[in-house]
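Listing of data00.txt; format and content: compact mmCIF, C-alpha atoms.
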```txt
# COMPACT_ATOMS: atom_id res chain seq x y z
CA MET A 109 84.50 -83.99 60.46
CA LYS A 110 85.72 -87.57 60.27
CA THR A 111 86.18 -88.84 63.83
CA ILE A 112 87.80 -92.14 64.77
CA CYS A 113 86.58 -93.54 68.08
CA PHE A 114 88.79 -96.27 69.50
CA GLU A 115 87.90 -98.90 72.14
CA THR A 116 84.12 -98.64 71.92
CA LYS A 117 81.45 -101.16 72.83
CA ASP A 118 78.24 -101.54 70.81
CA TRP A 119 76.15 -99.45 73.22
CA GLU A 120 78.78 -96.70 73.20
CA ARG A 121 78.76 -96.63 69.42
CA SER A 122 74.98 -96.26 69.37
CA TYR A 123 75.15 -93.49 71.97
CA LEU A 124 77.81 -91.54 70.08
CA GLU A 125 76.06 -91.98 66.74
CA LYS A 126 72.87 -90.58 68.29
CA HIS A 127 74.53 -87.57 69.94
CA LEU A 128 77.15 -86.82 67.27
CA ALA A 129 75.07 -87.43 64.18
CA VAL A 130 76.70 -84.47 62.40
CA LEU A 131 80.09 -86.17 62.47
CA ALA A 132 81.40 -88.97 60.29
CA LEU A 133 82.18 -91.53 62.97
CA VAL A 134 84.51 -94.48 62.44
CA PHE A 135 84.80 -97.32 64.96
CA PRO A 136 87.88 -99.52 64.39
CA GLU A 137 87.59 -103.14 65.42
CA PRO A 138 89.61 -104.32 68.44
CA GLY A 139 93.16 -105.33 67.60
CA VAL A 140 93.48 -103.14 64.52
CA THR A 141 96.71 -101.18 64.59
CA LEU A 142 96.92 -97.41 64.34
CA ALA A 143 98.80 -97.78 61.06
CA ASP A 144 95.99 -99.94 59.65
CA VAL A 145 93.44 -97.32 60.64
CA ALA A 146 95.53 -94.57 59.05
CA ARG A 147 95.81 -96.42 55.75
CA GLU A 148 92.03 -96.33 55.38
CA HIS A 149 91.18 -93.17 57.31
CA GLY A 150 94.30 -91.02 57.15
CA ASP A 151 92.13 -88.02 56.38
CA ALA A 152 90.54 -88.08 59.85
CA GLU A 153 90.33 -84.71 61.57
CA CYS A 154 89.58 -86.08 65.03
CA LEU A 155 90.81 -89.02 67.10
CA SER A 156 88.96 -90.14 70.21
CA PRO A 157 90.98 -92.73 72.16
CA PHE A 158 90.29 -94.06 75.62
CA ILE A 159 93.51 -95.39 77.14
CA SER A 160 94.84 -96.78 73.88
CA PRO A 161 96.21 -96.63 71.29
CA ARG A 162 99.33 -94.75 72.34
CA LEU A 163 99.37 -91.63 70.22
CA ASP A 164 103.04 -90.75 69.89
CA ALA A 165 104.51 -88.37 67.33
CA ALA A 166 105.05 -91.11 64.75
CA GLY A 167 101.47 -92.32 65.05
CA LEU A 168 99.96 -88.85 64.98
CA ALA A 169 101.96 -87.97 61.86
CA LEU A 170 99.93 -90.63 60.01
CA PHE A 171 96.94 -88.26 60.21
CA PRO A 172 98.02 -85.04 58.42
CA ALA A 173 94.51 -83.53 58.61
CA LEU A 174 94.23 -84.03 62.37
CA LYS A 175 92.76 -81.06 64.24
CA VAL A 176 91.59 -82.38 67.59
CA ILE A 177 92.06 -85.31 69.95
CA ALA A 178 89.13 -85.88 72.32
CA THR A 179 90.40 -88.50 74.74
CA ARG A 180 87.72 -90.24 76.76
CA SER A 181 89.91 -90.27 79.85
CA THR A 182 91.20 -87.94 82.52
CA GLY A 183 94.84 -88.84 82.04
CA TYR A 184 96.49 -87.96 78.75
CA ASP A 185 99.96 -89.44 79.18
CA HIS A 186 99.16 -91.76 76.23
CA ILE A 187 99.16 -88.70 73.95
CA ASP A 188 102.25 -86.78 72.83
CA VAL A 189 100.95 -83.41 73.98
CA LYS A 190 104.19 -81.62 73.08
CA TYR A 191 103.87 -82.77 69.47
CA CYS A 192 100.23 -81.68 69.40
CA ARG A 193 101.08 -78.21 70.64
CA GLY A 194 103.74 -77.90 67.98
CA GLN A 195 101.30 -78.94 65.26
CA GLY A 196 98.38 -76.87 66.53
CA ILE A 197 96.33 -79.97 67.40
CA VAL A 198 93.81 -79.36 70.18
CA VAL A 199 93.71 -81.99 72.94
CA CYS A 200 90.67 -82.28 75.22
CA ASN A 201 90.13 -84.67 78.11
CA VAL A 202 87.39 -85.68 80.53
CA PRO A 203 88.65 -84.11 83.77
CA VAL A 204 85.70 -85.06 85.94
CA TYR A 205 83.66 -88.22 85.60
CA GLY A 206 84.67 -90.80 88.15
CA GLU A 207 85.66 -89.09 91.39
CA ASN A 208 83.30 -91.13 93.51
CA THR A 209 83.63 -94.17 91.21
CA VAL A 210 87.41 -94.45 91.54
CA ALA A 211 87.29 -93.54 95.23
CA GLU A 212 84.81 -96.35 95.90
CA HIS A 213 87.05 -98.79 94.01
CA THR A 214 90.02 -97.58 96.05
CA PHE A 215 88.25 -98.67 99.21
CA ALA A 216 87.24 -101.94 97.59
CA LEU A 217 90.96 -102.67 97.20
CA ILE A 218 91.72 -101.48 100.73
CA LEU A 219 89.03 -103.71 102.23
CA MET A 220 90.12 -106.69 100.13
CA LEU A 221 93.52 -106.41 101.78
CA SER A 222 92.59 -105.24 105.27
CA ARG A 223 89.95 -107.94 105.73
CA LYS A 224 91.56 -110.66 103.57
CA VAL A 225 88.45 -110.86 101.37
CA HIS A 226 90.22 -112.34 98.35
CA GLN A 227 92.05 -114.92 100.45
CA SER A 228 88.77 -115.89 102.12
CA TYR A 229 87.20 -116.45 98.71
CA VAL A 230 90.11 -118.59 97.50
CA GLN A 231 90.01 -120.71 100.64
CA VAL A 232 86.28 -121.30 100.37
CA GLN A 233 86.64 -122.30 96.72
CA ALA A 234 89.40 -124.72 97.69
CA GLY A 235 87.21 -126.21 100.41
CA HIS A 236 89.69 -125.53 103.21
CA VAL A 237 89.27 -122.54 105.52
CA GLU A 238 92.18 -121.60 107.76
CA ARG A 239 90.76 -118.77 109.84
CA ALA A 240 94.05 -117.78 111.48
CA VAL A 241 95.41 -116.82 108.06
CA LEU A 242 92.36 -114.64 107.44
CA THR A 243 92.76 -112.30 110.42
CA GLY A 244 92.56 -108.71 109.18
CA PHE A 245 92.62 -105.29 110.79
CA ASP A 246 90.18 -102.45 111.44
CA LEU A 247 90.35 -99.23 109.42
CA GLN A 248 89.02 -97.17 112.31
CA GLY A 249 91.87 -95.36 114.03
CA LYS A 250 94.38 -96.09 111.26
CA THR A 251 96.13 -93.35 109.29
CA LEU A 252 95.33 -93.02 105.60
CA GLY A 253 97.82 -91.13 103.46
CA VAL A 254 96.41 -89.62 100.27
CA ILE A 255 98.94 -88.48 97.68
CA GLY A 256 97.09 -86.08 95.40
CA ALA A 257 94.13 -84.33 96.98
CA GLY A 258 92.29 -83.43 93.80
CA HIS A 259 88.79 -84.47 92.74
CA ILE A 260 89.31 -88.19 93.38
CA GLY A 261 91.62 -87.75 96.36
CA LEU A 262 89.05 -85.62 98.19
CA HIS A 263 86.41 -88.33 97.76
CA VAL A 264 88.88 -90.87 99.17
CA ILE A 265 89.46 -88.56 102.12
CA ARG A 266 85.70 -88.25 102.69
CA ILE A 267 85.24 -92.04 102.68
CA GLY A 268 88.28 -92.55 104.91
CA ARG A 269 86.92 -90.12 107.46
CA GLY A 270 83.63 -92.05 107.33
CA PHE A 271 85.55 -95.14 108.43
CA GLY A 272 86.95 -93.19 111.36
CA MET A 273 90.45 -92.88 109.92
CA ARG A 274 92.98 -90.15 110.50
CA VAL A 275 93.82 -88.69 107.09
CA LEU A 276 96.98 -86.97 105.88
CA ALA A 277 97.17 -85.51 102.37
CA SER A 278 100.15 -84.54 100.25
CA ASP A 279 99.56 -82.15 97.37
CA THR A 280 101.47 -79.41 95.59
CA ARG A 281 98.42 -77.17 96.00
CA ARG A 282 96.79 -76.66 99.37
CA ASP A 283 93.27 -75.45 100.05
CA THR A 284 92.89 -73.26 103.14
CA PHE A 285 89.25 -74.21 103.74
CA LEU A 286 88.85 -77.93 103.06
CA PRO A 287 91.04 -79.44 105.84
CA ASP A 288 88.86 -77.97 108.59
CA LEU A 289 85.67 -78.80 106.72
CA MET A 290 86.60 -82.42 105.93
CA GLY A 291 88.76 -83.21 108.93
CA PHE A 292 92.14 -83.96 107.36
CA ALA A 293 95.60 -82.39 107.49
CA TYR A 294 98.10 -81.52 104.77
CA ALA A 295 101.58 -82.97 105.21
CA THR A 296 104.80 -83.39 103.31
CA LEU A 297 105.22 -86.50 101.17
CA GLU A 298 107.80 -87.83 103.62
CA GLN A 299 105.46 -87.34 106.58
CA VAL A 300 102.63 -89.08 104.73
CA LEU A 301 104.88 -92.04 103.97
CA ARG A 302 106.29 -92.34 107.49
CA GLU A 303 103.00 -92.00 109.38
CA SER A 304 100.43 -93.77 107.20
CA ASP A 305 99.17 -97.32 107.57
CA ILE A 306 97.75 -97.12 104.05
CA VAL A 307 99.13 -94.92 101.26
CA SER A 308 96.83 -94.27 98.28
CA LEU A 309 97.94 -92.60 95.05
CA HIS A 310 95.69 -90.11 93.26
CA CYS A 311 98.04 -87.84 91.33
CA ALA A 312 98.81 -87.42 87.66
CA LEU A 313 101.71 -89.15 85.91
CA ARG A 314 104.21 -86.55 84.75
CA PRO A 315 107.98 -86.67 84.31
CA GLU A 316 108.42 -85.38 87.84
CA THR A 317 106.09 -88.02 89.32
CA GLN A 318 107.47 -91.01 87.40
CA HIS A 319 108.38 -93.61 90.07
CA LEU A 320 107.16 -91.29 92.79
CA LEU A 321 107.22 -94.37 95.01
CA GLY A 322 110.47 -96.31 94.75
CA ALA A 323 112.88 -98.13 97.04
CA GLU A 324 113.72 -95.02 99.07
CA GLN A 325 110.06 -94.16 99.63
CA PHE A 326 109.03 -97.73 100.51
CA ALA A 327 111.84 -97.83 103.09
CA MET A 328 110.30 -94.77 104.78
CA MET A 329 106.94 -96.46 105.18
CA LYS A 330 105.74 -98.33 108.25
CA GLN A 331 106.40 -102.02 108.55
CA GLY A 332 103.30 -103.77 107.14
CA ALA A 333 101.83 -100.69 105.44
CA LEU A 334 99.64 -101.04 102.36
CA VAL A 335 100.11 -99.30 99.00
CA ILE A 336 97.07 -98.58 96.82
CA ASN A 337 97.34 -97.32 93.24
CA THR A 338 94.26 -96.47 91.18
CA ALA A 339 95.99 -93.60 89.35
CA ARG A 340 98.77 -94.52 86.91
CA GLY A 341 101.15 -97.48 86.87
CA GLY A 342 104.23 -95.35 86.27
CA LEU A 343 103.88 -93.69 89.66
CA VAL A 344 105.27 -96.85 91.26
CA ASP A 345 108.63 -98.49 90.58
CA THR A 346 107.41 -102.06 90.17
CA ASP A 347 110.80 -103.68 90.81
CA ALA A 348 111.08 -101.80 94.09
CA LEU A 349 107.51 -102.72 95.01
CA VAL A 350 108.16 -106.43 94.41
CA LYS A 351 111.27 -106.29 96.61
CA ALA A 352 109.45 -104.42 99.41
CA LEU A 353 106.72 -107.07 99.37
CA GLU A 354 109.16 -109.98 99.16
CA ASN A 355 111.23 -108.79 102.12
CA GLY A 356 108.07 -108.27 104.17
CA HIS A 357 108.45 -104.54 104.71
CA LEU A 358 105.16 -103.78 102.98
CA GLY A 359 102.05 -105.63 104.07
CA GLY A 360 100.35 -105.62 100.69
CA ALA A 361 99.39 -103.73 97.55
CA GLY A 362 96.06 -103.00 95.91
CA LEU A 363 96.63 -102.14 92.26
CA ASP A 364 94.26 -101.12 89.51
CA VAL A 365 97.16 -99.97 87.35
CA VAL A 366 100.71 -101.23 86.82
CA GLU A 367 103.65 -100.42 84.61
CA GLY A 368 103.35 -102.20 81.29
CA GLU A 369 99.69 -103.08 81.82
CA GLU A 370 99.10 -102.66 78.09
CA LEU A 371 101.29 -105.72 77.52
CA ILE A 372 99.22 -108.08 79.65
CA GLN A 373 96.81 -108.70 76.78
CA GLU A 374 99.71 -109.10 74.34
CA GLU A 375 101.72 -111.84 76.05
CA ARG A 376 101.27 -114.45 73.34
CA GLU A 377 102.20 -111.97 70.63
CA LEU A 378 105.33 -111.01 72.54
CA LEU A 379 106.39 -114.64 72.72
CA LEU A 380 106.13 -114.89 68.94
CA GLU A 381 108.38 -111.90 68.35
CA ASP A 382 112.14 -111.99 68.11
CA GLY A 383 111.65 -110.11 70.95
CA ASP A 384 111.74 -107.29 73.18
CA VAL A 385 113.40 -108.74 76.28
CA LYS A 386 112.53 -105.68 78.35
CA LYS A 387 108.83 -106.07 77.58
CA LEU A 388 108.90 -109.78 78.32
CA ARG A 389 110.67 -109.12 81.59
CA GLY A 390 107.95 -106.64 82.53
CA VAL A 391 105.23 -109.20 81.82
CA VAL A 392 106.96 -111.86 83.92
CA ARG A 393 107.55 -109.39 86.75
CA ASN A 394 103.87 -108.43 86.79
CA ARG A 395 102.82 -112.09 86.83
CA ILE A 396 105.05 -112.68 89.85
CA LEU A 397 103.51 -109.64 91.52
CA PHE A 398 99.93 -110.74 90.83
CA ALA A 399 100.58 -114.23 92.19
CA ARG A 400 101.26 -112.92 95.69
CA ASP A 401 98.47 -113.48 98.19
CA ASN A 402 98.98 -109.97 99.61
CA VAL A 403 98.46 -108.31 96.22
CA VAL A 404 95.07 -107.53 94.69
CA TYR A 405 95.06 -106.50 91.03
CA THR A 406 92.11 -105.28 89.01
CA PRO A 407 92.68 -104.63 85.28
CA HIS A 408 92.39 -100.82 85.10
CA ASN A 409 88.77 -101.17 86.14
CA ALA A 410 88.34 -98.51 88.83
CA PHE A 411 86.53 -96.17 86.42
CA ASN A 412 84.17 -98.84 85.17
CA SER A 413 80.69 -98.13 86.51
CA GLN A 414 77.73 -97.64 84.19
CA GLU A 415 77.13 -94.14 85.53
CA ALA A 416 80.74 -93.11 84.99
CA LEU A 417 80.77 -94.48 81.43
CA TYR A 418 77.81 -92.31 80.51
CA ARG A 419 79.49 -89.28 82.10
CA ILE A 420 82.57 -89.95 79.96
CA LEU A 421 80.54 -90.02 76.76
CA ASP A 422 78.52 -86.94 77.68
CA THR A 423 81.67 -84.93 78.34
CA THR A 424 83.31 -86.17 75.14
CA VAL A 425 80.23 -85.14 73.14
CA ALA A 426 80.32 -81.71 74.79
CA ASN A 427 84.06 -81.37 74.06
CA LEU A 428 83.56 -82.09 70.36
CA GLU A 429 80.54 -79.83 70.09
CA SER A 430 82.43 -76.98 71.74
CA PHE A 431 85.42 -77.54 69.43
CA ARG A 432 83.16 -77.32 66.39
CA SER A 433 81.76 -74.05 67.74
CA GLY A 434 85.26 -72.59 68.04
CA ALA A 435 85.78 -72.73 71.82
CA ALA A 436 87.18 -76.09 72.88
CA SER A 437 86.24 -77.10 76.43
CA ASN A 438 88.42 -79.13 78.81
CA ARG A 439 91.44 -78.28 76.71
CA VAL A 440 94.82 -79.54 77.90
CA ALA A 441 96.75 -78.58 74.76
```
Can you give me the file's structure in the form of structure tokens?
Amino acid sequence: MKTICFETKDWERSYLEKHLAVLALVFPEPGVTLADVAREHGDAECLSPFISPRLDAAGLALFPALKVIATRSTGYDHIDVKYCRGQGIVVCNVPVYGENTVAEHTFALILMLSRKVHQSYVQVQAGHVERAVLTGFDLQGKTLGVIGAGHIGLHVIRIGRGFGMRVLASDTRRDTFLPDLMGFAYATLEQVLRESDIVSLHCALRPETQHLLGAEQFAMMKQGALVINTARGGLVDTDALVKALENGHLGGAGLDVVEGEELIQEERELLLEDGDVKKLRGVVRNRILFARDNVVYTPHNAFNSQEALYRILDTTVANLESFRSGAASNRVA
């Protein structure tokens, strides 16, 4: 089964070749387009992306022999699942690999903002420390709002409770046992927004959650509250976020994901095109956002620990092995 593995490093290639020796693995070089890959390997039966390329209907149609997509990610909004279902293409993901990893990164972002760590670093590098500007706040006694109390969200709750925080969680599904065990309370989304000092997103991006946080939601939040997003960029209306930061209603934002993040590495190419004004506007907007001293941005890096990367590969190997045996595991389509 010819399998195309996108976005792989040398050590990942060696690992996959060792554990999937029965497959014909192809590793496209960075920057090669999906169409270029299809011209040479259009007979591939399996695609294994990470967070790119975007596999829409037009792109998937370039691989008429395609049987399975084994994405090396939890989210699968970069895959046209509806098209896959219609064509009988199996889609598998990696549902569990970085619960503690992403949760730890979430608190790295929170602490960067609450204790002005990034501003302290910049001041030291500049050789001028203005301590009054660096005054932060304690997490103990503050209210943490967690939107999406799944695998990752529960780890965030656990860490928040360890800091002595009050924790509210909003989720469409509620467990009757965990709140008492872990010391948190379920609440409506509106209550979470109104009562939290820090709001952290840990839900999936679906049509109904697109721009889950926009101007109306930011207006509900406390003056000076923080927004943390380590889930998906589309959950937050970036224009509304910029305005809420500019007018001082929000105290800051810790972002590992943003809308249009895939364009950040393509800025020069965009400038050479006759251009997509909307894309260029998104790039400029993000640059304005990142330049703020109350915004911390990490480039979709919350998942990126060595342990988590191995868990991703192990699950992907298991998904492909189970598909070959006739019972696909971690199937989402």
How many Å separate CA of Glu324 in chain A from CA of Lys224 in chain A?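 Between CA of Glu324 in chain A and CA of Lys224 in chain A the gap works out to 27.5 Å.
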May I have the residues within 10 Å of Gln227 in chain A as an mmCIF file with C-alpha atoms, in the coordinates of the input, using all atoms listed in the file and disregarding those fewer than 3 positions away in the same chain?
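Output (selection37.cif):
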```
data_model
loop_
_atom_site.group_PDB
_atom_site.id
_atom_site.type_symbol
_atom_site.label_atom_id
_atom_site.label_comp_id
_atom_site.auth_asym_id
_atom_site.auth_seq_id
_atom_site.Cartn_x
_atom_site.Cartn_y
_atom_site.Cartn_z
ATOM 1 C CA MET A 220 90.120 -106.690 100.130
ATOM 2 C CA LEU A 221 93.520 -106.410 101.780
ATOM 3 C CA ARG A 223 89.950 -107.940 105.730
ATOM 4 C CA LYS A 224 91.560 -110.660 103.570
ATOM 5 C CA VAL A 230 90.110 -118.590 97.500
ATOM 6 C CA GLN A 231 90.010 -120.710 100.640
ATOM 7 C CA VAL A 232 86.280 -121.300 100.370
ATOM 8 C CA GLN A 233 86.640 -122.300 96.720
ATOM 9 C CA VAL A 237 89.270 -122.540 105.520
ATOM 10 C CA GLU A 238 92.180 -121.600 107.760
ATOM 11 C CA VAL A 241 95.410 -116.820 108.060
ATOM 12 C CA LEU A 242 92.360 -114.640 107.440
ATOM 13 C CA ASP A 401 98.470 -113.480 98.190
ATOM 14 C CA ASN A 402 98.980 -109.970 99.610
ATOM 15 C CA VAL A 404 95.070 -107.530 94.690
#
```
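If you look at CA of Leu301 in chain A and CA of Pro315 in chain A, they are 20.6 Å away from each other.
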Extract, using all atoms listed in the file, all DNA, RNA and protein residues at most 8 Å from range 215-217 of chain A, discarding same-chain residues fewer than 4 positions from it, and format them as a VMD selection string. chain A and resid 211 221 264 336 362 to 363 404
For range 155-166 of chain A, find every residue with an atom within 10 Å (counting all atoms listed in the file), except residues of its own chain fewer than 3 positions away, and show them as a PyMOL selection string. chain A and resi 110-116+133-135+139-143+152+169-171+174-192+199-201+370+408+420+424+428
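Nearest residue to Val350 in chain A among A:Arg393, A:Arg314, A:His127, A:Arg274 is A:Arg393, counting only C-alpha atoms.
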Spatial neighbours of Cys311 in chain A, max dist 7 Å, all atoms listed in the file, sep filter under 5 positions, as a PyMOL selection string: chain A and resi 255-256+339
What's around Asn337 in chain A at 9 Å? Count all atoms listed in the file, leave out sequence neighbours fewer than 2 positions away in its own chain, and write the answer as a PyMOL selection string. chain A and resi 214+307-310+335+339-341+343-344+361-366
Find the distance between CA of Leu321 in chain A and CA of Ser413 in chain A and write it in Å to one decimal. 28.1 Å
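Minimum distance to Lys250 in chain A across A:Val275, A:Ile218, A:Ala146, A:Leu417 (counting only C-alpha atoms) occurs at A:Val275.
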From the set A:Gly368, A:Gly194, A:Leu247, A:Gln414, which residue has the shortest atom-to-atom contact distance to Val392 in chain A, counting all atoms listed in the file?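 Using all atoms listed in the file, the shortest distance to Val392 in chain A belongs to A:Gly368.
Counting only C-alpha atoms and comparing A:Gly332, A:Asp246, A:Gly360, A:Glu367, the residue that lies closest to Leu313 in chain A is A:Glu367.
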Find the smallest box with edges along x, y and z containing every listed atom of range 144-163 of chain A, then add 3 Å on each side and report centre and edge lengths in Å to one decimal, as lines of an AutoDock Vina configuration file.
```
center_x = 94.2
center_y = -92.3
center_z = 66.3
size_x = 16.4
size_y = 21.2
size_z = 27.8
```
Is there a way to complete range 274-305 of chain A with N, CA and C atoms and then write that out as a PDB file, in the coordinates of the input?
```
ATOM      1  N   ARG A 274      92.223 -91.397 110.547  1.00  0.00           N
ATOM      2  CA  ARG A 274      92.980 -90.150 110.500  1.00  0.00           C
ATOM      3  C   ARG A 274      93.520 -90.028 109.078  1.00  0.00           C
ATOM      4  N   VAL A 275      93.417 -88.839 108.484  1.00  0.00           N
ATOM      5  CA  VAL A 275      93.820 -88.690 107.090  1.00  0.00           C
ATOM      6  C   VAL A 275      94.854 -87.589 106.936  1.00  0.00           C
ATOM      7  N   LEU A 276      95.964 -87.927 106.289  1.00  0.00           N
ATOM      8  CA  LEU A 276      96.980 -86.970 105.880  1.00  0.00           C
ATOM      9  C   LEU A 276      96.980 -86.885 104.366  1.00  0.00           C
ATOM     10  N   ALA A 277      97.176 -85.685 103.829  1.00  0.00           N
ATOM     11  CA  ALA A 277      97.170 -85.510 102.370  1.00  0.00           C
ATOM     12  C   ALA A 277      98.406 -84.739 101.928  1.00  0.00           C
ATOM     13  N   SER A 278      99.020 -85.219 100.864  1.00  0.00           N
ATOM     14  CA  SER A 278     100.150 -84.540 100.250  1.00  0.00           C
ATOM     15  C   SER A 278      99.731 -84.025  98.884  1.00  0.00           C
ATOM     16  N   ASP A 279      99.923 -82.730  98.662  1.00  0.00           N
ATOM     17  CA  ASP A 279      99.560 -82.150  97.370  1.00  0.00           C
ATOM     18  C   ASP A 279     100.387 -80.894  97.155  1.00  0.00           C
ATOM     19  N   THR A 280     100.696 -80.613  95.896  1.00  0.00           N
ATOM     20  CA  THR A 280     101.470 -79.410  95.590  1.00  0.00           C
ATOM     21  C   THR A 280     100.647 -78.147  95.785  1.00  0.00           C
ATOM     22  N   ARG A 281      99.321 -78.302  95.738  1.00  0.00           N
ATOM     23  CA  ARG A 281      98.420 -77.170  96.000  1.00  0.00           C
ATOM     24  C   ARG A 281      97.603 -77.468  97.247  1.00  0.00           C
ATOM     25  N   ARG A 282      97.487 -76.467  98.113  1.00  0.00           N
ATOM     26  CA  ARG A 282      96.790 -76.660  99.370  1.00  0.00           C
ATOM     27  C   ARG A 282      95.615 -75.700  99.490  1.00  0.00           C
ATOM     28  N   ASP A 283      94.482 -76.239  99.843  1.00  0.00           N
ATOM     29  CA  ASP A 283      93.270 -75.450 100.050  1.00  0.00           C
ATOM     30  C   ASP A 283      93.220 -75.015 101.525  1.00  0.00           C
ATOM     31  N   THR A 284      92.897 -73.759 101.762  1.00  0.00           N
ATOM     32  CA  THR A 284      92.890 -73.260 103.140  1.00  0.00           C
ATOM     33  C   THR A 284      91.602 -73.584 103.882  1.00  0.00           C
ATOM     34  N   PHE A 285      90.575 -74.009 103.160  1.00  0.00           N
ATOM     35  CA  PHE A 285      89.250 -74.210 103.740  1.00  0.00           C
ATOM     36  C   PHE A 285      88.912 -75.678 103.976  1.00  0.00           C
ATOM     37  N   LEU A 286      89.292 -76.538 103.041  1.00  0.00           N
ATOM     38  CA  LEU A 286      88.850 -77.930 103.060  1.00  0.00           C
ATOM     39  C   LEU A 286      89.341 -78.760 104.256  1.00  0.00           C
ATOM     40  N   PRO A 287      90.600 -78.592 104.715  1.00  0.00           N
ATOM     41  CA  PRO A 287      91.040 -79.440 105.840  1.00  0.00           C
ATOM     42  C   PRO A 287      90.131 -79.341 107.065  1.00  0.00           C
ATOM     43  N   ASP A 288      89.748 -78.132 107.437  1.00  0.00           N
ATOM     44  CA  ASP A 288      88.860 -77.970 108.590  1.00  0.00           C
ATOM     45  C   ASP A 288      87.474 -78.531 108.301  1.00  0.00           C
ATOM     46  N   LEU A 289      87.002 -78.333 107.080  1.00  0.00           N
ATOM     47  CA  LEU A 289      85.670 -78.800 106.720  1.00  0.00           C
ATOM     48  C   LEU A 289      85.600 -80.321 106.692  1.00  0.00           C
ATOM     49  N   MET A 290      86.633 -80.978 106.153  1.00  0.00           N
ATOM     50  CA  MET A 290      86.600 -82.420 105.930  1.00  0.00           C
ATOM     51  C   MET A 290      87.349 -83.223 106.987  1.00  0.00           C
ATOM     52  N   GLY A 291      88.098 -82.518 107.837  1.00  0.00           N
ATOM     53  CA  GLY A 291      88.760 -83.210 108.930  1.00  0.00           C
ATOM     54  C   GLY A 291      90.024 -83.948 108.567  1.00  0.00           C
ATOM     55  N   PHE A 292      90.845 -83.364 107.686  1.00  0.00           N
ATOM     56  CA  PHE A 292      92.140 -83.960 107.360  1.00  0.00           C
ATOM     57  C   PHE A 292      93.224 -82.908 107.509  1.00  0.00           C
ATOM     58  N   ALA A 293      94.475 -83.322 107.369  1.00  0.00           N
ATOM     59  CA  ALA A 293      95.600 -82.390 107.490  1.00  0.00           C
ATOM     60  C   ALA A 293      96.537 -82.570 106.302  1.00  0.00           C
ATOM     61  N   TYR A 294      97.058 -81.451 105.794  1.00  0.00           N
ATOM     62  CA  TYR A 294      98.100 -81.520 104.770  1.00  0.00           C
ATOM     63  C   TYR A 294      99.423 -81.883 105.437  1.00  0.00           C
ATOM     64  N   ALA A 295     100.266 -82.574 104.706  1.00  0.00           N
ATOM     65  CA  ALA A 295     101.580 -82.970 105.210  1.00  0.00           C
ATOM     66  C   ALA A 295     102.535 -83.090 104.043  1.00  0.00           C
ATOM     67  N   THR A 296     103.821 -83.145 104.358  1.00  0.00           N
ATOM     68  CA  THR A 296     104.800 -83.390 103.310  1.00  0.00           C
ATOM     69  C   THR A 296     104.693 -84.844 102.845  1.00  0.00           C
ATOM     70  N   LEU A 297     105.226 -85.128 101.675  1.00  0.00           N
ATOM     71  CA  LEU A 297     105.220 -86.500 101.170  1.00  0.00           C
ATOM     72  C   LEU A 297     105.934 -87.421 102.148  1.00  0.00           C
ATOM     73  N   GLU A 298     107.054 -86.988 102.685  1.00  0.00           N
ATOM     74  CA  GLU A 298     107.800 -87.830 103.620  1.00  0.00           C
ATOM     75  C   GLU A 298     106.978 -88.118 104.869  1.00  0.00           C
ATOM     76  N   GLN A 299     106.283 -87.112 105.395  1.00  0.00           N
ATOM     77  CA  GLN A 299     105.460 -87.340 106.580  1.00  0.00           C
ATOM     78  C   GLN A 299     104.331 -88.317 106.296  1.00  0.00           C
ATOM     79  N   VAL A 300     103.705 -88.167 105.123  1.00  0.00           N
ATOM     80  CA  VAL A 300     102.630 -89.080 104.730  1.00  0.00           C
ATOM     81  C   VAL A 300     103.152 -90.515 104.699  1.00  0.00           C
ATOM     82  N   LEU A 301     104.322 -90.701 104.097  1.00  0.00           N
ATOM     83  CA  LEU A 301     104.880 -92.040 103.970  1.00  0.00           C
ATOM     84  C   LEU A 301     105.243 -92.630 105.337  1.00  0.00           C
ATOM     85  N   ARG A 302     105.819 -91.829 106.200  1.00  0.00           N
ATOM     86  CA  ARG A 302     106.290 -92.340 107.490  1.00  0.00           C
ATOM     87  C   ARG A 302     105.146 -92.634 108.459  1.00  0.00           C
ATOM     88  N   GLU A 303     104.046 -91.893 108.364  1.00  0.00           N
ATOM     89  CA  GLU A 303     103.000 -92.000 109.380  1.00  0.00           C
ATOM     90  C   GLU A 303     101.788 -92.825 108.955  1.00  0.00           C
ATOM     91  N   SER A 304     101.663 -93.133 107.687  1.00  0.00           N
ATOM     92  CA  SER A 304     100.430 -93.770 107.200  1.00  0.00           C
ATOM     93  C   SER A 304     100.482 -95.292 107.289  1.00  0.00           C
ATOM     94  N   ASP A 305      99.336 -95.865 107.625  1.00  0.00           N
ATOM     95  CA  ASP A 305      99.170 -97.320 107.570  1.00  0.00           C
ATOM     96  C   ASP A 305      98.792 -97.762 106.167  1.00  0.00           C
TER      97      ASP A 305
END
```
